[in-house]
Amino acid sequence: MDKRTDYITWDEYFMGIAMLSAMRSKDPNTQVGACIVNQDRKIVGTGYNGFPTGCSDDVLPWARTGAPLETKYPFVCHAELNAILNSISRDLRGCTLYVVMFPCNECAKAIIQSGIREVIYRDNKYPDSDSVKASTMMLESAGVKLRQMVLDKTLEVRI
């Protein structure tokens, strides 16, 4: 018997981990996950969007509109930043970040400062926003490679 040939690629595997991580998010509107991988194809960090550790997601707001302190925006930590902060390694130089949504400008700063060299993203939901434009400018200026990944396989496991 020959080995199977319909297995997923490394990119599909790591994006799948990012997507699975997104499923941990309690945000009722947007679930984003991230996975950081080193040059040896080892996962060194994962994260999803949510409130900082110790901040109750039952008390702080999840709203998208209203007065600033009545919305989630001042409180939520993005998946990319959580993956960096939750990393098992403090040296992320040369790593690749797989993320469900294109990073915002604040996450771009953390990505650049951490030494991540490539960002592979699934969706760019807000390409015309100032945040994404600034993020793109910074990431490209810092030499971080950007690549959109289109998933064309249905993930299925035989048991």
# chains A, B, ... in the order shown; residues from 1 in each chain; ligands from 1
>>> closest_atom_pairs(of="segment 26-64 of chain A", to="segment 100-104 of chain A", cutoff="8 Å", atoms="only C-alpha atoms", output="Markdown table")
| residue | atom | partner | partner_atom | distance |
| --- | --- | --- | --- | --- |
| A:Val32 | CA | A:Val100 | CA | 5.5 |
| A:Gly33 | CA | A:Val100 | CA | 5.7 |
| A:Ala34 | CA | A:Val100 | CA | 6.6 |
>>> select_by_dssp(residues="segment 10-157 of chain A", states="strand (DSSP E or B)", output="number ranges by chain")
A: 33-37, 43-48, 50, 77, 96-101, 118-123, 145-148
>>> write_last_selection(atoms="C-alpha atoms", output="PDB file, in the first residue's frame")
ATOM      1  CA  GLY A  33      -6.687  33.127  15.851  1.00  0.00           C
ATOM      2  CA  ALA A  34      -2.935  33.176  15.318  1.00  0.00           C
ATOM      3  CA  CYS A  35      -0.134  30.621  15.264  1.00  0.00           C
ATOM      4  CA  ILE A  36       3.606  31.407  15.344  1.00  0.00           C
ATOM      5  CA  VAL A  37       5.973  28.869  13.807  1.00  0.00           C
ATOM      6  CA  ILE A  43       4.714  25.915  16.911  1.00  0.00           C
ATOM      7  CA  VAL A  44       6.072  28.407  19.446  1.00  0.00           C
ATOM      8  CA  GLY A  45       2.941  30.451  20.132  1.00  0.00           C
ATOM      9  CA  THR A  46      -0.806  30.576  19.644  1.00  0.00           C
ATOM     10  CA  GLY A  47      -3.411  33.158  20.511  1.00  0.00           C
ATOM     11  CA  TYR A  48      -6.928  34.386  19.935  1.00  0.00           C
ATOM     12  CA  GLY A  50     -10.074  38.224  23.963  1.00  0.00           C
ATOM     13  CA  CYS A  77      -6.144  41.908  23.109  1.00  0.00           C
ATOM     14  CA  THR A  96       6.265  32.994  10.584  1.00  0.00           C
ATOM     15  CA  LEU A  97       2.888  34.180  11.867  1.00  0.00           C
ATOM     16  CA  TYR A  98      -0.264  32.512  10.544  1.00  0.00           C
ATOM     17  CA  VAL A  99      -3.335  34.607  11.293  1.00  0.00           C
ATOM     18  CA  VAL A 100      -6.997  34.465  10.324  1.00  0.00           C
ATOM     19  CA  MET A 101      -7.333  38.209   9.647  1.00  0.00           C
ATOM     20  CA  GLU A 118       6.562  36.556   7.459  1.00  0.00           C
ATOM     21  CA  VAL A 119       2.821  36.989   7.957  1.00  0.00           C
ATOM     22  CA  ILE A 120       0.479  34.561   6.243  1.00  0.00           C
ATOM     23  CA  TYR A 121      -3.129  35.671   6.571  1.00  0.00           C
ATOM     24  CA  ARG A 122      -6.459  34.222   5.445  1.00  0.00           C
ATOM     25  CA  ASP A 123      -8.671  37.303   5.073  1.00  0.00           C
ATOM     26  CA  LYS A 145       6.806  39.263   3.897  1.00  0.00           C
ATOM     27  CA  LEU A 146       3.026  39.276   3.489  1.00  0.00           C
ATOM     28  CA  ARG A 147       1.099  36.481   1.841  1.00  0.00           C
ATOM     29  CA  GLN A 148      -2.611  35.784   1.616  1.00  0.00           C
TER      30      GLN A 148
END
>>> select_by_dssp(residues="segment 20-152 of chain A", states="alpha helix (DSSP H)", output="count of residues only")
32
>>> residues_around(residues="segment 138-141 of chain A", least_positions_apart="4", cutoff="8 Å", atoms="only C-alpha atoms", output="CSV table (one decimal) with C-alpha atoms, in the first residue's frame")
chain,number,residue,atom,x,y,z
A,105,ASN,CA,-1.4,48.7,12.9
A,108,ALA,CA,2.0,45.1,13.1
A,109,LYS,CA,4.3,47.0,15.6
A,112,ILE,CA,8.0,43.9,13.7
A,134,ALA,CA,-0.6,51.7,8.1
A,145,LYS,CA,6.8,39.3,3.9
A,146,LEU,CA,3.0,39.3,3.5
>>> atom_distance(atom1="atom CA of Gly115 of chain A", atom2="atom CA of Asp11 of chain A")
19.7 Å
>>> atom_distance(atom1="atom CA of Thr136 of chain A", atom2="atom CA of Pro68 of chain A")
25.7 Å
>>> atom_distance(atom1="atom CA of Arg4 of chain A", atom2="atom CA of Ala22 of chain A")
28.9 Å
>>> residues_around(residues="Pro28 of chain A", least_positions_apart="6", cutoff="12 Å", atoms="only C-alpha atoms", output="PyMOL selection string")
chain A and resi 22+49-50+57+61-64+72
>>> write_last_selection(atoms="C-alpha atoms", output="PDB file, in the first residue's frame")
ATOM      1  CA  ALA A  22      -9.981  31.443  16.807  1.00  0.00           C
ATOM      2  CA  ASN A  49      -8.727  37.670  20.468  1.00  0.00           C
ATOM      3  CA  GLY A  50     -10.074  38.224  23.963  1.00  0.00           C
ATOM      4  CA  ASP A  57     -15.409  38.556  29.937  1.00  0.00           C
ATOM      5  CA  PRO A  61     -18.403  44.920  27.217  1.00  0.00           C
ATOM      6  CA  TRP A  62     -18.520  43.032  23.901  1.00  0.00           C
ATOM      7  CA  ALA A  63     -20.405  45.793  22.040  1.00  0.00           C
ATOM      8  CA  ARG A  64     -19.066  47.220  18.771  1.00  0.00           C
ATOM      9  CA  LYS A  72     -14.845  46.027  23.416  1.00  0.00           C
TER      10      LYS A  72
END
>>> closest_residue(among="A:Thr65, A:Ser114, A:Thr71, A:Ser129", to="Ser87 of chain A", atoms="only C-alpha atoms")
A:Ser114
>>> closest_residue(among="A:Ile8, A:Ile17, A:Leu60, A:Met137", to="Tyr73 of chain A", atoms="only C-alpha atoms")
A:Leu60
>>> closest_residue(among="A:Val76, A:Gln39, A:Val132, A:Val59", to="Leu92 of chain A", atoms="only C-alpha atoms")
A:Gln39
>>> residues_around(residues="Ile111 of chain A", least_positions_apart="4", cutoff="8 Å", atoms="only C-alpha atoms", output="number ranges by chain")
A: 80-81, 84, 107, 115-116
>>> decode(residues="segment 121-133 of chain A", atoms="all heavy atoms", output="PDB file, in the first residue's frame")
ATOM      1  N   TYR A 121      -1.796  35.357   6.071  1.00  0.00           N
ATOM      2  CA  TYR A 121      -3.129  35.671   6.571  1.00  0.00           C
ATOM      3  C   TYR A 121      -4.180  35.065   5.657  1.00  0.00           C
ATOM      4  O   TYR A 121      -3.959  34.832   4.471  1.00  0.00           O
ATOM      5  CB  TYR A 121      -3.330  37.190   6.693  1.00  0.00           C
ATOM      6  CG  TYR A 121      -3.212  37.927   5.383  1.00  0.00           C
ATOM      7  CD1 TYR A 121      -4.348  38.239   4.634  1.00  0.00           C
ATOM      8  CD2 TYR A 121      -1.971  38.299   4.875  1.00  0.00           C
ATOM      9  CE1 TYR A 121      -4.245  38.902   3.425  1.00  0.00           C
ATOM     10  CE2 TYR A 121      -1.864  38.969   3.668  1.00  0.00           C
ATOM     11  CZ  TYR A 121      -3.000  39.258   2.952  1.00  0.00           C
ATOM     12  OH  TYR A 121      -2.900  39.909   1.735  1.00  0.00           O
ATOM     13  N   ARG A 122      -5.360  34.799   6.226  1.00  0.00           N
ATOM     14  CA  ARG A 122      -6.459  34.222   5.445  1.00  0.00           C
ATOM     15  C   ARG A 122      -7.314  35.304   4.796  1.00  0.00           C
ATOM     16  O   ARG A 122      -7.579  35.251   3.615  1.00  0.00           O
ATOM     17  CB  ARG A 122      -7.322  33.328   6.330  1.00  0.00           C
ATOM     18  CG  ARG A 122      -8.256  32.444   5.498  1.00  0.00           C
ATOM     19  CD  ARG A 122      -9.151  31.623   6.366  1.00  0.00           C
ATOM     20  NE  ARG A 122     -10.229  32.502   6.833  1.00  0.00           N
ATOM     21  CZ  ARG A 122     -11.178  32.136   7.662  1.00  0.00           C
ATOM     22  NH1 ARG A 122     -11.180  30.935   8.171  1.00  0.00           N
ATOM     23  NH2 ARG A 122     -12.117  32.972   8.028  1.00  0.00           N
ATOM     24  N   ASP A 123      -7.762  36.273   5.587  1.00  0.00           N
ATOM     25  CA  ASP A 123      -8.671  37.303   5.073  1.00  0.00           C
ATOM     26  C   ASP A 123      -8.142  38.693   5.374  1.00  0.00           C
ATOM     27  O   ASP A 123      -7.490  38.900   6.392  1.00  0.00           O
ATOM     28  CB  ASP A 123     -10.065  37.174   5.720  1.00  0.00           C
ATOM     29  CG  ASP A 123     -10.792  35.914   5.308  1.00  0.00           C
ATOM     30  OD1 ASP A 123     -10.837  35.624   4.102  1.00  0.00           O
ATOM     31  OD2 ASP A 123     -11.309  35.211   6.203  1.00  0.00           O
ATOM     32  N   ASN A 124      -8.447  39.614   4.481  1.00  0.00           N
ATOM     33  CA  ASN A 124      -8.185  41.036   4.725  1.00  0.00           C
ATOM     34  C   ASN A 124      -9.552  41.724   4.672  1.00  0.00           C
ATOM     35  O   ASN A 124      -9.974  42.214   3.635  1.00  0.00           O
ATOM     36  CB  ASN A 124      -7.224  41.613   3.687  1.00  0.00           C
ATOM     37  CG  ASN A 124      -6.749  42.991   4.066  1.00  0.00           C
ATOM     38  OD1 ASN A 124      -7.269  43.608   4.983  1.00  0.00           O
ATOM     39  ND2 ASN A 124      -5.757  43.483   3.351  1.00  0.00           N
ATOM     40  N   LYS A 125     -10.213  41.715   5.811  1.00  0.00           N
ATOM     41  CA  LYS A 125     -11.595  42.186   5.920  1.00  0.00           C
ATOM     42  C   LYS A 125     -11.733  43.699   5.738  1.00  0.00           C
ATOM     43  O   LYS A 125     -12.763  44.169   5.278  1.00  0.00           O
ATOM     44  CB  LYS A 125     -12.130  41.765   7.293  1.00  0.00           C
ATOM     45  CG  LYS A 125     -13.611  41.882   7.470  1.00  0.00           C
ATOM     46  CD  LYS A 125     -14.016  41.248   8.801  1.00  0.00           C
ATOM     47  CE  LYS A 125     -15.492  41.412   9.077  1.00  0.00           C
ATOM     48  NZ  LYS A 125     -15.878  40.821  10.362  1.00  0.00           N
ATOM     49  N   TYR A 126     -10.687  44.451   6.076  1.00  0.00           N
ATOM     50  CA  TYR A 126     -10.763  45.913   6.024  1.00  0.00           C
ATOM     51  C   TYR A 126      -9.595  46.516   5.232  1.00  0.00           C
ATOM     52  O   TYR A 126      -8.842  47.340   5.760  1.00  0.00           O
ATOM     53  CB  TYR A 126     -10.768  46.487   7.443  1.00  0.00           C
ATOM     54  CG  TYR A 126     -11.845  45.907   8.322  1.00  0.00           C
ATOM     55  CD1 TYR A 126     -11.537  44.993   9.333  1.00  0.00           C
ATOM     56  CD2 TYR A 126     -13.176  46.256   8.141  1.00  0.00           C
ATOM     57  CE1 TYR A 126     -12.524  44.453  10.142  1.00  0.00           C
ATOM     58  CE2 TYR A 126     -14.174  45.724   8.949  1.00  0.00           C
ATOM     59  CZ  TYR A 126     -13.846  44.823   9.943  1.00  0.00           C
ATOM     60  OH  TYR A 126     -14.824  44.293  10.729  1.00  0.00           O
ATOM     61  N   PRO A 127      -9.414  46.137   3.968  1.00  0.00           N
ATOM     62  CA  PRO A 127      -8.228  46.587   3.221  1.00  0.00           C
ATOM     63  C   PRO A 127      -8.132  48.091   3.028  1.00  0.00           C
ATOM     64  O   PRO A 127      -7.031  48.617   2.858  1.00  0.00           O
ATOM     65  CB  PRO A 127      -8.368  45.868   1.875  1.00  0.00           C
ATOM     66  CG  PRO A 127      -9.831  45.595   1.741  1.00  0.00           C
ATOM     67  CD  PRO A 127     -10.323  45.357   3.136  1.00  0.00           C
ATOM     68  N   ASP A 128      -9.252  48.795   3.062  1.00  0.00           N
ATOM     69  CA  ASP A 128      -9.241  50.235   2.834  1.00  0.00           C
ATOM     70  C   ASP A 128      -9.185  51.052   4.128  1.00  0.00           C
ATOM     71  O   ASP A 128      -9.215  52.279   4.084  1.00  0.00           O
ATOM     72  CB  ASP A 128     -10.469  50.646   2.008  1.00  0.00           C
ATOM     73  CG  ASP A 128     -10.450  50.018   0.620  1.00  0.00           C
ATOM     74  OD1 ASP A 128      -9.348  49.897   0.039  1.00  0.00           O
ATOM     75  OD2 ASP A 128     -11.523  49.638   0.122  1.00  0.00           O
ATOM     76  N   SER A 129      -9.106  50.383   5.272  1.00  0.00           N
ATOM     77  CA  SER A 129      -9.060  51.115   6.543  1.00  0.00           C
ATOM     78  C   SER A 129      -7.664  51.700   6.756  1.00  0.00           C
ATOM     79  O   SER A 129      -6.660  51.167   6.276  1.00  0.00           O
ATOM     80  CB  SER A 129      -9.408  50.179   7.705  1.00  0.00           C
ATOM     81  OG  SER A 129      -8.359  49.240   7.907  1.00  0.00           O
ATOM     82  N   ASP A 130      -7.613  52.797   7.482  1.00  0.00           N
ATOM     83  CA  ASP A 130      -6.321  53.419   7.790  1.00  0.00           C
ATOM     84  C   ASP A 130      -5.429  52.469   8.591  1.00  0.00           C
ATOM     85  O   ASP A 130      -4.214  52.451   8.410  1.00  0.00           O
ATOM     86  CB  ASP A 130      -6.522  54.728   8.562  1.00  0.00           C
ATOM     87  CG  ASP A 130      -7.085  55.835   7.676  1.00  0.00           C
ATOM     88  OD1 ASP A 130      -6.943  55.744   6.437  1.00  0.00           O
ATOM     89  OD2 ASP A 130      -7.660  56.792   8.232  1.00  0.00           O
ATOM     90  N   SER A 131      -6.034  51.674   9.460  1.00  0.00           N
ATOM     91  CA  SER A 131      -5.273  50.741  10.280  1.00  0.00           C
ATOM     92  C   SER A 131      -4.538  49.721   9.412  1.00  0.00           C
ATOM     93  O   SER A 131      -3.349  49.454   9.615  1.00  0.00           O
ATOM     94  CB  SER A 131      -6.209  50.019  11.255  1.00  0.00           C
ATOM     95  OG  SER A 131      -5.520  49.026  11.961  1.00  0.00           O
ATOM     96  N   VAL A 132      -5.230  49.134   8.450  1.00  0.00           N
ATOM     97  CA  VAL A 132      -4.609  48.135   7.574  1.00  0.00           C
ATOM     98  C   VAL A 132      -3.610  48.797   6.626  1.00  0.00           C
ATOM     99  O   VAL A 132      -2.541  48.234   6.355  1.00  0.00           O
ATOM    100  CB  VAL A 132      -5.679  47.332   6.807  1.00  0.00           C
ATOM    101  CG1 VAL A 132      -5.061  46.522   5.678  1.00  0.00           C
ATOM    102  CG2 VAL A 132      -6.428  46.420   7.770  1.00  0.00           C
ATOM    103  N   LYS A 133      -3.923  49.993   6.168  1.00  0.00           N
ATOM    104  CA  LYS A 133      -2.963  50.700   5.304  1.00  0.00           C
ATOM    105  C   LYS A 133      -1.674  50.997   6.063  1.00  0.00           C
ATOM    106  O   LYS A 133      -0.567  50.790   5.544  1.00  0.00           O
ATOM    107  CB  LYS A 133      -3.580  51.995   4.773  1.00  0.00           C
ATOM    108  CG  LYS A 133      -4.652  51.764   3.717  1.00  0.00           C
ATOM    109  CD  LYS A 133      -5.263  53.076   3.268  1.00  0.00           C
ATOM    110  CE  LYS A 133      -6.386  52.858   2.260  1.00  0.00           C
ATOM    111  NZ  LYS A 133      -7.014  54.123   1.858  1.00  0.00           N
TER     112      LYS A 133
END
